[in-house]
>>> print(open('upload-v9.cif').read())   # mmCIF, C-alpha atoms and all ligand atoms
data_upload
loop_
_atom_site.label_atom_id
_atom_site.label_comp_id
_atom_site.auth_asym_id
_atom_site.auth_seq_id
_atom_site.Cartn_x
_atom_site.Cartn_y
_atom_site.Cartn_z
CA MET A 1 0.00 0.00 0.00
CA ARG A 2 1.89 3.04 -1.27
CA LEU A 3 -0.68 5.79 -1.08
CA VAL A 4 -0.90 9.55 -1.45
CA LEU A 5 -3.90 11.21 0.25
CA LEU A 6 -5.04 14.42 -1.41
CA GLY A 7 -7.64 16.98 -0.42
CA ALA A 8 -8.16 20.55 0.72
CA PRO A 9 -7.41 21.70 4.26
CA GLY A 10 -10.03 20.13 6.52
CA SER A 11 -11.01 17.43 4.03
CA GLY A 12 -10.02 14.72 6.52
CA LYS A 13 -6.61 13.59 5.23
CA GLY A 14 -5.05 13.32 8.69
CA THR A 15 -8.12 11.66 10.21
CA GLN A 16 -8.45 9.07 7.45
CA ALA A 17 -4.68 8.48 7.25
CA ALA A 18 -4.61 7.48 10.94
CA LEU A 19 -7.43 4.97 10.36
CA LEU A 20 -5.75 3.63 7.20
CA ARG A 21 -2.43 3.27 9.04
CA ASP A 22 -4.09 0.99 11.60
CA HIS A 23 -6.07 -0.90 8.95
CA TYR A 24 -3.21 -1.58 6.51
CA GLY A 25 -0.29 -1.54 8.99
CA VAL A 26 1.81 1.01 7.09
CA PRO A 27 3.20 4.27 8.46
CA HIS A 28 1.30 7.55 8.16
CA ILE A 29 3.67 10.29 7.04
CA SER A 30 2.27 13.81 7.33
CA THR A 31 4.51 16.69 6.29
CA GLY A 32 2.28 19.05 8.30
CA GLU A 33 2.84 16.92 11.44
CA LEU A 34 6.59 16.69 10.77
CA LEU A 35 6.74 20.48 10.38
CA ARG A 36 4.67 21.10 13.52
CA ALA A 37 7.01 18.75 15.44
CA ALA A 38 10.02 20.75 14.15
CA VAL A 39 8.34 24.00 15.23
CA LYS A 40 7.60 22.56 18.67
CA ALA A 41 11.15 21.28 19.06
CA GLY A 42 12.48 24.72 18.04
CA THR A 43 14.87 23.29 15.43
CA PRO A 44 16.39 25.80 12.95
CA LEU A 45 14.15 24.37 10.26
CA GLY A 46 11.09 24.66 12.50
CA LEU A 47 11.94 28.27 13.31
CA GLN A 48 12.14 29.07 9.59
CA ALA A 49 8.86 27.30 8.85
CA LYS A 50 6.70 28.65 11.67
CA ALA A 51 5.72 32.09 10.33
CA VAL A 52 5.01 30.67 6.87
CA MET A 53 2.78 27.93 8.30
CA ASP A 54 0.92 30.30 10.60
CA SER A 55 0.09 32.54 7.63
CA GLY A 56 -1.30 29.62 5.62
CA GLN A 57 1.36 29.65 2.90
CA LEU A 58 3.46 26.73 1.74
CA VAL A 59 6.84 26.16 3.35
CA SER A 60 9.68 26.08 0.79
CA ASP A 61 9.99 22.96 -1.32
CA GLU A 62 13.61 22.47 -0.11
CA ILE A 63 12.69 22.46 3.58
CA VAL A 64 9.76 20.09 3.15
CA LEU A 65 11.72 17.72 0.91
CA SER A 66 14.53 17.59 3.47
CA ILE A 67 12.17 16.62 6.31
CA LEU A 68 10.46 14.07 4.09
CA GLU A 69 13.78 12.51 3.06
CA GLU A 70 14.82 12.35 6.69
CA ARG A 71 11.52 10.62 7.59
CA LEU A 72 11.78 8.11 4.73
CA SER A 73 15.34 7.26 5.76
CA ARG A 74 13.99 5.61 8.94
CA GLY A 75 13.49 2.47 6.88
CA ASP A 76 9.97 1.51 8.03
CA THR A 77 8.29 2.03 4.64
CA GLY A 78 9.10 -1.39 3.20
CA PRO A 79 5.45 -2.53 3.49
CA GLY A 80 4.26 0.85 2.16
CA TYR A 81 3.26 4.28 3.38
CA ILE A 82 0.43 6.78 3.51
CA LEU A 83 1.61 10.24 2.48
CA ASP A 84 -0.57 13.05 3.83
CA GLY A 85 0.07 16.66 2.74
CA TYR A 86 2.78 15.89 0.20
CA PRO A 87 3.07 16.54 -2.72
CA ARG A 88 1.41 19.96 -2.70
CA ASN A 89 2.56 21.45 -6.00
CA LEU A 90 3.92 20.11 -9.28
CA ALA A 91 7.57 20.66 -8.31
CA GLN A 92 6.96 18.44 -5.26
CA CYS A 93 5.39 15.78 -7.52
CA SER A 94 8.62 15.57 -9.52
CA ALA A 95 10.80 15.62 -6.40
CA LEU A 96 8.71 12.85 -4.85
CA ASP A 97 8.86 10.67 -7.94
CA ALA A 98 12.65 11.02 -8.05
CA LEU A 99 13.03 10.28 -4.33
CA LEU A 100 10.74 7.25 -4.40
CA ALA A 101 12.33 5.91 -7.59
CA ARG A 102 15.68 5.95 -5.76
CA LEU A 103 14.06 4.01 -2.90
CA GLY A 104 12.30 1.62 -5.31
CA GLN A 105 8.94 2.55 -3.71
CA PRO A 106 6.88 4.50 -6.28
CA VAL A 107 3.38 5.76 -5.49
CA GLU A 108 0.72 3.18 -6.41
CA ARG A 109 -2.50 5.05 -5.64
CA ALA A 110 -3.80 8.52 -4.91
CA ILE A 111 -7.08 9.13 -3.10
CA GLN A 112 -8.68 12.55 -3.26
CA LEU A 113 -11.11 13.41 -0.45
CA ASP A 114 -13.83 15.60 -1.87
CA VAL A 115 -15.52 18.06 0.52
CA ASP A 116 -17.25 21.36 -0.34
CA ALA A 117 -15.70 24.64 0.82
CA GLU A 118 -18.46 25.54 3.28
CA LEU A 119 -17.98 22.30 5.21
CA LEU A 120 -14.17 22.64 5.14
CA ILE A 121 -14.45 26.07 6.77
CA ALA A 122 -16.91 24.76 9.37
CA ARG A 123 -14.63 21.83 10.28
CA LEU A 124 -11.57 24.05 10.64
CA ALA A 125 -13.53 26.58 12.71
CA GLY A 126 -14.57 23.69 14.98
CA ARG A 127 -10.96 22.58 15.36
CA ALA A 128 -9.86 26.17 16.06
CA LEU A 129 -12.20 26.20 19.05
CA ALA A 130 -11.32 22.69 20.22
CA GLU A 131 -7.56 22.65 19.68
CA GLY A 132 -6.39 26.18 18.84
CA ARG A 133 -4.11 25.16 15.94
CA ALA A 134 -2.17 28.28 14.98
CA ASP A 135 -3.22 28.23 11.32
CA ASP A 136 -6.93 27.55 11.91
CA ASN A 137 -7.82 31.25 12.33
CA PRO A 138 -10.17 32.60 9.61
CA GLU A 139 -7.51 34.59 7.76
CA SER A 140 -5.03 31.68 7.54
CA VAL A 141 -7.83 29.28 6.58
CA ARG A 142 -8.77 31.57 3.67
CA LYS A 143 -5.16 31.64 2.55
CA ARG A 144 -4.78 27.84 2.88
CA LEU A 145 -7.86 27.26 0.73
CA GLN A 146 -6.58 29.75 -1.88
CA VAL A 147 -3.13 28.10 -1.92
CA TYR A 148 -4.82 24.73 -2.32
CA GLU A 149 -6.82 25.90 -5.35
CA GLU A 150 -3.87 27.62 -6.99
CA GLN A 151 -0.99 25.24 -6.25
CA THR A 152 -2.29 21.90 -5.03
CA ALA A 153 -5.28 21.29 -7.31
CA PRO A 154 -2.94 20.57 -10.29
CA VAL A 155 -1.50 17.67 -8.26
CA ILE A 156 -4.88 15.94 -8.65
CA ASP A 157 -4.54 16.07 -12.44
CA TYR A 158 -0.98 14.82 -12.16
CA TYR A 159 -2.17 11.57 -10.55
CA ARG A 160 -5.27 11.40 -12.76
CA HIS A 161 -3.06 11.39 -15.84
CA GLN A 162 -1.06 8.54 -14.32
CA GLN A 163 -4.36 6.66 -13.78
CA LYS A 164 -3.64 6.36 -10.08
CA LEU A 165 -6.38 8.70 -8.82
CA THR A 166 -9.70 7.83 -7.19
CA ALA A 167 -11.94 10.62 -5.87
CA VAL A 168 -13.92 9.71 -2.76
CA ASP A 169 -16.81 11.63 -1.20
CA GLY A 170 -15.35 12.97 2.06
CA VAL A 171 -18.69 14.10 3.52
CA GLY A 172 -20.30 12.01 6.25
CA ALA A 173 -19.26 10.33 9.47
CA LEU A 174 -15.57 9.36 9.80
CA GLU A 175 -16.46 5.68 9.59
CA GLU A 176 -18.54 6.17 6.44
CA VAL A 177 -15.74 8.03 4.68
CA PHE A 178 -13.23 5.42 5.85
CA ALA A 179 -15.40 2.61 4.44
CA ARG A 180 -15.54 4.40 1.06
CA VAL A 181 -11.76 4.83 0.99
CA VAL A 182 -11.10 1.20 1.89
CA GLU A 183 -13.60 0.04 -0.72
CA ALA A 184 -11.86 2.18 -3.37
CA LEU A 185 -8.44 0.85 -2.40
CA ASP A 186 -9.40 -2.80 -2.02
CA SER A 187 -11.39 -2.93 -5.24
CA ARG A 188 -8.27 -1.98 -7.21
CA TYR A 189 -5.98 -4.27 -5.22
CA ALA A 190 -8.25 -7.31 -5.32
P1 LIG B 201 -1.21 20.20 6.95
O1 LIG B 201 -0.99 19.78 8.34
O2 LIG B 201 -0.99 19.24 5.86
O3 LIG B 201 -2.63 20.87 6.90
P2 LIG B 201 -3.79 20.94 5.80
O4 LIG B 201 -3.51 20.37 4.47
O5 LIG B 201 -4.22 22.36 5.83
O6 LIG B 201 -4.80 19.97 6.35
P3 LIG B 201 -5.51 19.85 7.75
O7 LIG B 201 -4.65 19.16 8.72
O8 LIG B 201 -6.09 21.16 8.19
O9 LIG B 201 -6.74 19.00 7.29
P4 LIG B 201 -6.89 17.47 6.93
O10 LIG B 201 -7.33 17.32 5.52
O11 LIG B 201 -5.71 16.67 7.38
O12 LIG B 201 -8.14 17.16 7.81
P5 LIG B 201 -8.19 16.60 9.31
O13 LIG B 201 -8.25 15.13 9.27
O14 LIG B 201 -7.10 17.24 10.11
O15 LIG B 201 -0.28 21.46 6.61
C1 LIG B 201 -0.21 22.56 7.49
C2 LIG B 201 0.79 23.57 6.92
O16 LIG B 201 2.11 22.96 6.87
C3 LIG B 201 0.54 24.04 5.49
O17 LIG B 201 -0.38 25.10 5.42
C4 LIG B 201 1.95 24.45 5.06
O18 LIG B 201 2.31 25.69 5.60
C5 LIG B 201 2.81 23.37 5.70
N1 LIG B 201 3.01 22.21 4.83
C6 LIG B 201 2.61 20.93 5.05
N2 LIG B 201 2.95 20.13 4.04
C7 LIG B 201 3.59 20.94 3.14
C8 LIG B 201 4.18 20.71 1.86
N3 LIG B 201 4.13 19.50 1.30
N4 LIG B 201 4.75 21.78 1.23
C9 LIG B 201 4.77 23.01 1.78
N5 LIG B 201 4.24 23.29 2.98
C10 LIG B 201 3.64 22.27 3.66
O19 LIG B 201 -9.61 17.14 9.75
C11 LIG B 201 -9.86 18.52 9.95
C12 LIG B 201 -10.95 18.66 11.03
O20 LIG B 201 -12.14 18.08 10.54
C13 LIG B 201 -10.60 17.92 12.33
O21 LIG B 201 -11.10 18.65 13.42
C14 LIG B 201 -11.34 16.58 12.19
O22 LIG B 201 -11.70 16.02 13.42
C15 LIG B 201 -12.56 17.01 11.38
N6 LIG B 201 -13.06 15.93 10.51
C16 LIG B 201 -12.33 15.13 9.70
N7 LIG B 201 -13.12 14.25 9.04
C17 LIG B 201 -14.39 14.54 9.45
C18 LIG B 201 -15.67 13.97 9.13
N8 LIG B 201 -15.81 12.96 8.26
N9 LIG B 201 -16.75 14.50 9.74
C19 LIG B 201 -16.63 15.52 10.63
N10 LIG B 201 -15.45 16.08 10.98
C20 LIG B 201 -14.35 15.60 10.39
#
>>> encode(input="upload-v9.cif", output="structure tokens")
Amino acid sequence: MRLVLLGAPGSGKGTQAALLRDHYGVPHISTGELLRAAVKAGTPLGLQAKAVMDSGQLVSDEIVLSILEERLSRGDTGPGYILDGYPRNLAQCSALDALLARLGQPVERAIQLDVDAELLIARLAGRALAEGRADDNPESVRKRLQVYEEQTAPVIDYYRHQQKLTAVDGVGALEEVFARVVEALDSRYA
């Protein structure tokens, strides 16, 4: 299971990736989580990334690729992986393909979680109240959605052209969405 999870901010990538990790027994690799851990640890890279993340923009391709390479070097991705939040633009698609070709672990599937903008905003507003994530304020959320449309939406076409993409309805209870994703994955693997 070598999977890329795609979708706008708040579409449920992190939530579904955690369920898929447990279901398929492969690591969940989230560049957002890796960056937040670097910010929390106060590493030089985290210090550079923090202001960019808080404003809802993308961190530089070089920084994100370096943390991803470091994560993949741990050697636990033999059985596969679930990538969440990477790639996020076409330059990252190329960098990822090159990196994974070197590791002999190319992406097999891409799942796009489809959720309308109104619900995305409502979910992120709910998380802002519950958890206070620094980039869940209304202004940063607006910017994240804009960045997604402008820079990340082309990534969907990238995987569609490779015939690796399945779009899944991301609206509904967590378990319902999870069942749809598993059905999409298992039907192709069967
Ligand atoms: P990242 O952490 O990747 O954030 P994101 O893409 O904005 O996504 P979210 O975590 O907000 O949403 P999600 O789709 O994972 O949904 P979730 O499951 O959390 O990136 C953060 C920042 O890091 C970026 O803005 C950028 O600065 C930087 N960054 C990261 N990767 C980068 C890269 N590759 N290049 C450059 N910069 C990068 O769910 C959201 C909420 O909805 C939760 O409260 C959840 O409980 C709820 N929810 C989920 N599913 C459901 C459901 N079915 N029903 C009801 N509620 C639900």
>>> axis_aligned_box(input="upload-v9.cif", around="region 68-76 of chain A", padding_each_side="8 Å", output="AutoDock Vina command-line options")
--center_x 12.7 --center_y 7.8 --center_z 6.0 --size_x 21.4 --size_y 28.6 --size_z 21.9
>>> residues_near_ligand(input="upload-v9.cif", ligand="ligand LIG 201 (chain B)", cutoff="7 Å", atoms="all atoms listed in the file", output="ChimeraX atom specification")
/A:7-16,30-33,35,52-54,56-61,64,84-88,123-124,126-127,144,170-174,177
>>> closest_residue(input="upload-v9.cif", among="A:Asp76, A:Val39, A:Leu96, A:Tyr81", to="Glu62 (chain A)", atoms="all atoms listed in the file")
A:Leu96
>>> closest_atom_pairs(input="upload-v9.cif", of="region 44-162 of chain A", to="region 24-28 of chain A", cutoff="7 Å", atoms="all atoms listed in the file", output="tab-separated table")
residue	atom	partner	partner_atom	distance
A:Thr77	CA	A:Pro27	CA	6.7
A:Pro79	CA	A:Val26	CA	6.2
A:Gly80	CA	A:Val26	CA	5.5
A:Tyr81	CA	A:Pro27	CA	5.1
A:Ile82	CA	A:His28	CA	4.8
A:Leu83	CA	A:His28	CA	6.3
>>> closest_residue(input="upload-v9.cif", among="A:Ala122, A:Leu185, A:Leu65, A:Ala128", to="Leu100 (chain A)", atoms="all atoms listed in the file")
A:Leu65
>>> atom_distance(input="upload-v9.cif", atom1="CA of Glu175 (chain A)", atom2="CA of Leu129 (chain A)")
23.0 Å
>>> closest_residue(input="upload-v9.cif", among="A:Arg36, A:Glu183, A:Asp157, A:Thr152", to="Gln92 (chain A)", atoms="only C-alpha atoms")
A:Thr152
>>> atom_distance(input="upload-v9.cif", atom1="CA of Ala130 (chain A)", atom2="CA of Val182 (chain A)")
28.2 Å
>>> closest_residue(input="upload-v9.cif", among="A:Pro106, A:Ile29, A:Asn89, A:Ala18", to="Arg74 (chain A)", atoms="only C-alpha atoms")
A:Ile29
>>> atom_distance(input="upload-v9.cif", atom1="CA of Ala184 (chain A)", atom2="CA of Ala167 (chain A)")
8.8 Å
>>> closest_residue(input="upload-v9.cif", among="A:Glu149, A:Glu108, A:Asp135, A:Asp22", to="Met1 (chain A)", atoms="all atoms listed in the file")
A:Glu108
>>> closest_residue(input="upload-v9.cif", among="A:Arg2, A:Ile121, A:Gln48, A:Gln151", to="Asp136 (chain A)", atoms="all atoms listed in the file")
A:Ile121
>>> residues_around(input="upload-v9.cif", residues="Gln163 (chain A)", least_positions_apart="2", cutoff="12 Å", atoms="only C-alpha atoms", output="list in words")
Val107, Glu108, Arg109, Ala110, Ile111, Ile156, Asp157, Tyr158, Tyr159, Arg160, His161, Leu165, Thr166, Ala167 and Arg188 of chain A
>>> write_last_selection(input="upload-v9.cif", atoms="C-alpha atoms", output="PDB file, in the coordinates of the input")
ATOM      1  CA  VAL A 107       3.380   5.760  -5.490  1.00  0.00           C
ATOM      2  CA  GLU A 108       0.720   3.180  -6.410  1.00  0.00           C
ATOM      3  CA  ARG A 109      -2.500   5.050  -5.640  1.00  0.00           C
ATOM      4  CA  ALA A 110      -3.800   8.520  -4.910  1.00  0.00           C
ATOM      5  CA  ILE A 111      -7.080   9.130  -3.100  1.00  0.00           C
ATOM      6  CA  ILE A 156      -4.880  15.940  -8.650  1.00  0.00           C
ATOM      7  CA  ASP A 157      -4.540  16.070 -12.440  1.00  0.00           C
ATOM      8  CA  TYR A 158      -0.980  14.820 -12.160  1.00  0.00           C
ATOM      9  CA  TYR A 159      -2.170  11.570 -10.550  1.00  0.00           C
ATOM     10  CA  ARG A 160      -5.270  11.400 -12.760  1.00  0.00           C
ATOM     11  CA  HIS A 161      -3.060  11.390 -15.840  1.00  0.00           C
ATOM     12  CA  LEU A 165      -6.380   8.700  -8.820  1.00  0.00           C
ATOM     13  CA  THR A 166      -9.700   7.830  -7.190  1.00  0.00           C
ATOM     14  CA  ALA A 167     -11.940  10.620  -5.870  1.00  0.00           C
ATOM     15  CA  ARG A 188      -8.270  -1.980  -7.210  1.00  0.00           C
TER      16      ARG A 188
END
>>> decode(input="upload-v9.cif", residues="region 39-51 of chain A", atoms="all heavy atoms", output="JSON list (two decimals), in the first residue's frame")
[["chain", "number", "residue", "atom", "x", "y", "z"],
["A", 39, "VAL", "N", 8.64, 22.70, 14.61],
["A", 39, "VAL", "CA", 8.34, 24.00, 15.23],
["A", 39, "VAL", "C", 8.37, 23.85, 16.74],
["A", 39, "VAL", "O", 8.98, 24.63, 17.47],
["A", 39, "VAL", "CB", 6.96, 24.52, 14.76],
["A", 39, "VAL", "CG1", 6.52, 25.73, 15.57],
["A", 39, "VAL", "CG2", 6.99, 24.87, 13.27],
["A", 40, "LYS", "N", 7.70, 22.79, 17.22],
["A", 40, "LYS", "CA", 7.60, 22.56, 18.67],
["A", 40, "LYS", "C", 8.97, 22.33, 19.29],
["A", 40, "LYS", "O", 9.27, 22.80, 20.39],
["A", 40, "LYS", "CB", 6.69, 21.35, 18.91],
["A", 40, "LYS", "CG", 6.18, 21.26, 20.32],
["A", 40, "LYS", "CD", 5.08, 20.24, 20.43],
["A", 40, "LYS", "CE", 4.75, 20.00, 21.90],
["A", 40, "LYS", "NZ", 4.06, 18.74, 22.11],
["A", 41, "ALA", "N", 9.81, 21.60, 18.55],
["A", 41, "ALA", "CA", 11.15, 21.28, 19.06],
["A", 41, "ALA", "C", 12.09, 22.49, 18.94],
["A", 41, "ALA", "O", 13.19, 22.48, 19.49],
["A", 41, "ALA", "CB", 11.72, 20.09, 18.30],
["A", 42, "GLY", "N", 11.66, 23.52, 18.19],
["A", 42, "GLY", "CA", 12.48, 24.72, 18.04],
["A", 42, "GLY", "C", 13.73, 24.48, 17.22],
["A", 42, "GLY", "O", 14.74, 25.18, 17.41],
["A", 43, "THR", "N", 13.70, 23.53, 16.30],
["A", 43, "THR", "CA", 14.87, 23.29, 15.43],
["A", 43, "THR", "C", 15.02, 24.49, 14.48],
["A", 43, "THR", "O", 14.05, 25.22, 14.24],
["A", 43, "THR", "CB", 14.69, 22.02, 14.59],
["A", 43, "THR", "OG1", 13.60, 22.24, 13.67],
["A", 43, "THR", "CG2", 14.38, 20.80, 15.44],
["A", 44, "PRO", "N", 16.21, 24.69, 13.89],
["A", 44, "PRO", "CA", 16.39, 25.80, 12.95],
["A", 44, "PRO", "C", 15.37, 25.74, 11.83],
["A", 44, "PRO", "O", 14.79, 26.76, 11.42],
["A", 44, "PRO", "CB", 17.82, 25.59, 12.42],
["A", 44, "PRO", "CG", 18.52, 24.79, 13.47],
["A", 44, "PRO", "CD", 17.47, 23.93, 14.11],
["A", 45, "LEU", "N", 15.11, 24.55, 11.34],
["A", 45, "LEU", "CA", 14.15, 24.37, 10.26],
["A", 45, "LEU", "C", 12.72, 24.74, 10.73],
["A", 45, "LEU", "O", 11.97, 25.41, 10.03],
["A", 45, "LEU", "CB", 14.24, 22.90, 9.87],
["A", 45, "LEU", "CG", 13.60, 22.42, 8.61],
["A", 45, "LEU", "CD1", 14.43, 21.27, 8.06],
["A", 45, "LEU", "CD2", 12.21, 21.96, 8.94],
["A", 46, "GLY", "N", 12.40, 24.34, 11.94],
["A", 46, "GLY", "CA", 11.09, 24.66, 12.50],
["A", 46, "GLY", "C", 10.93, 26.17, 12.68],
["A", 46, "GLY", "O", 9.85, 26.73, 12.40],
["A", 47, "LEU", "N", 12.00, 26.82, 13.11],
["A", 47, "LEU", "CA", 11.94, 28.27, 13.31],
["A", 47, "LEU", "C", 11.71, 28.99, 11.98],
["A", 47, "LEU", "O", 10.95, 29.95, 11.91],
["A", 47, "LEU", "CB", 13.23, 28.78, 13.97],
["A", 47, "LEU", "CG", 13.44, 28.29, 15.41],
["A", 47, "LEU", "CD1", 14.80, 28.72, 15.95],
["A", 47, "LEU", "CD2", 12.32, 28.81, 16.32],
["A", 48, "GLN", "N", 12.34, 28.47, 10.93],
["A", 48, "GLN", "CA", 12.14, 29.07, 9.59],
["A", 48, "GLN", "C", 10.71, 28.86, 9.10],
["A", 48, "GLN", "O", 10.13, 29.71, 8.45],
["A", 48, "GLN", "CB", 13.05, 28.38, 8.57],
["A", 48, "GLN", "CG", 14.46, 28.90, 8.50],
["A", 48, "GLN", "CD", 15.15, 28.24, 7.31],
["A", 48, "GLN", "OE1", 14.79, 28.41, 6.16],
["A", 48, "GLN", "NE2", 16.17, 27.44, 7.61],
["A", 49, "ALA", "N", 10.17, 27.67, 9.41],
["A", 49, "ALA", "CA", 8.86, 27.30, 8.85],
["A", 49, "ALA", "C", 7.69, 27.96, 9.57],
["A", 49, "ALA", "O", 6.64, 28.18, 8.97],
["A", 49, "ALA", "CB", 8.70, 25.78, 8.90],
["A", 50, "LYS", "N", 7.86, 28.29, 10.84],
["A", 50, "LYS", "CA", 6.70, 28.65, 11.67],
["A", 50, "LYS", "C", 5.85, 29.81, 11.11],
["A", 50, "LYS", "O", 4.64, 29.67, 10.96],
["A", 50, "LYS", "CB", 7.14, 28.99, 13.10],
["A", 50, "LYS", "CG", 5.94, 29.31, 13.98],
["A", 50, "LYS", "CD", 6.31, 29.52, 15.41],
["A", 50, "LYS", "CE", 5.15, 29.99, 16.28],
["A", 50, "LYS", "NZ", 3.80, 29.90, 15.80],
["A", 51, "ALA", "N", 6.49, 30.91, 10.78],
["A", 51, "ALA", "CA", 5.72, 32.09, 10.33],
["A", 51, "ALA", "C", 4.98, 31.78, 9.03],
["A", 51, "ALA", "O", 3.84, 32.21, 8.83],
["A", 51, "ALA", "CB", 6.65, 33.28, 10.15]]
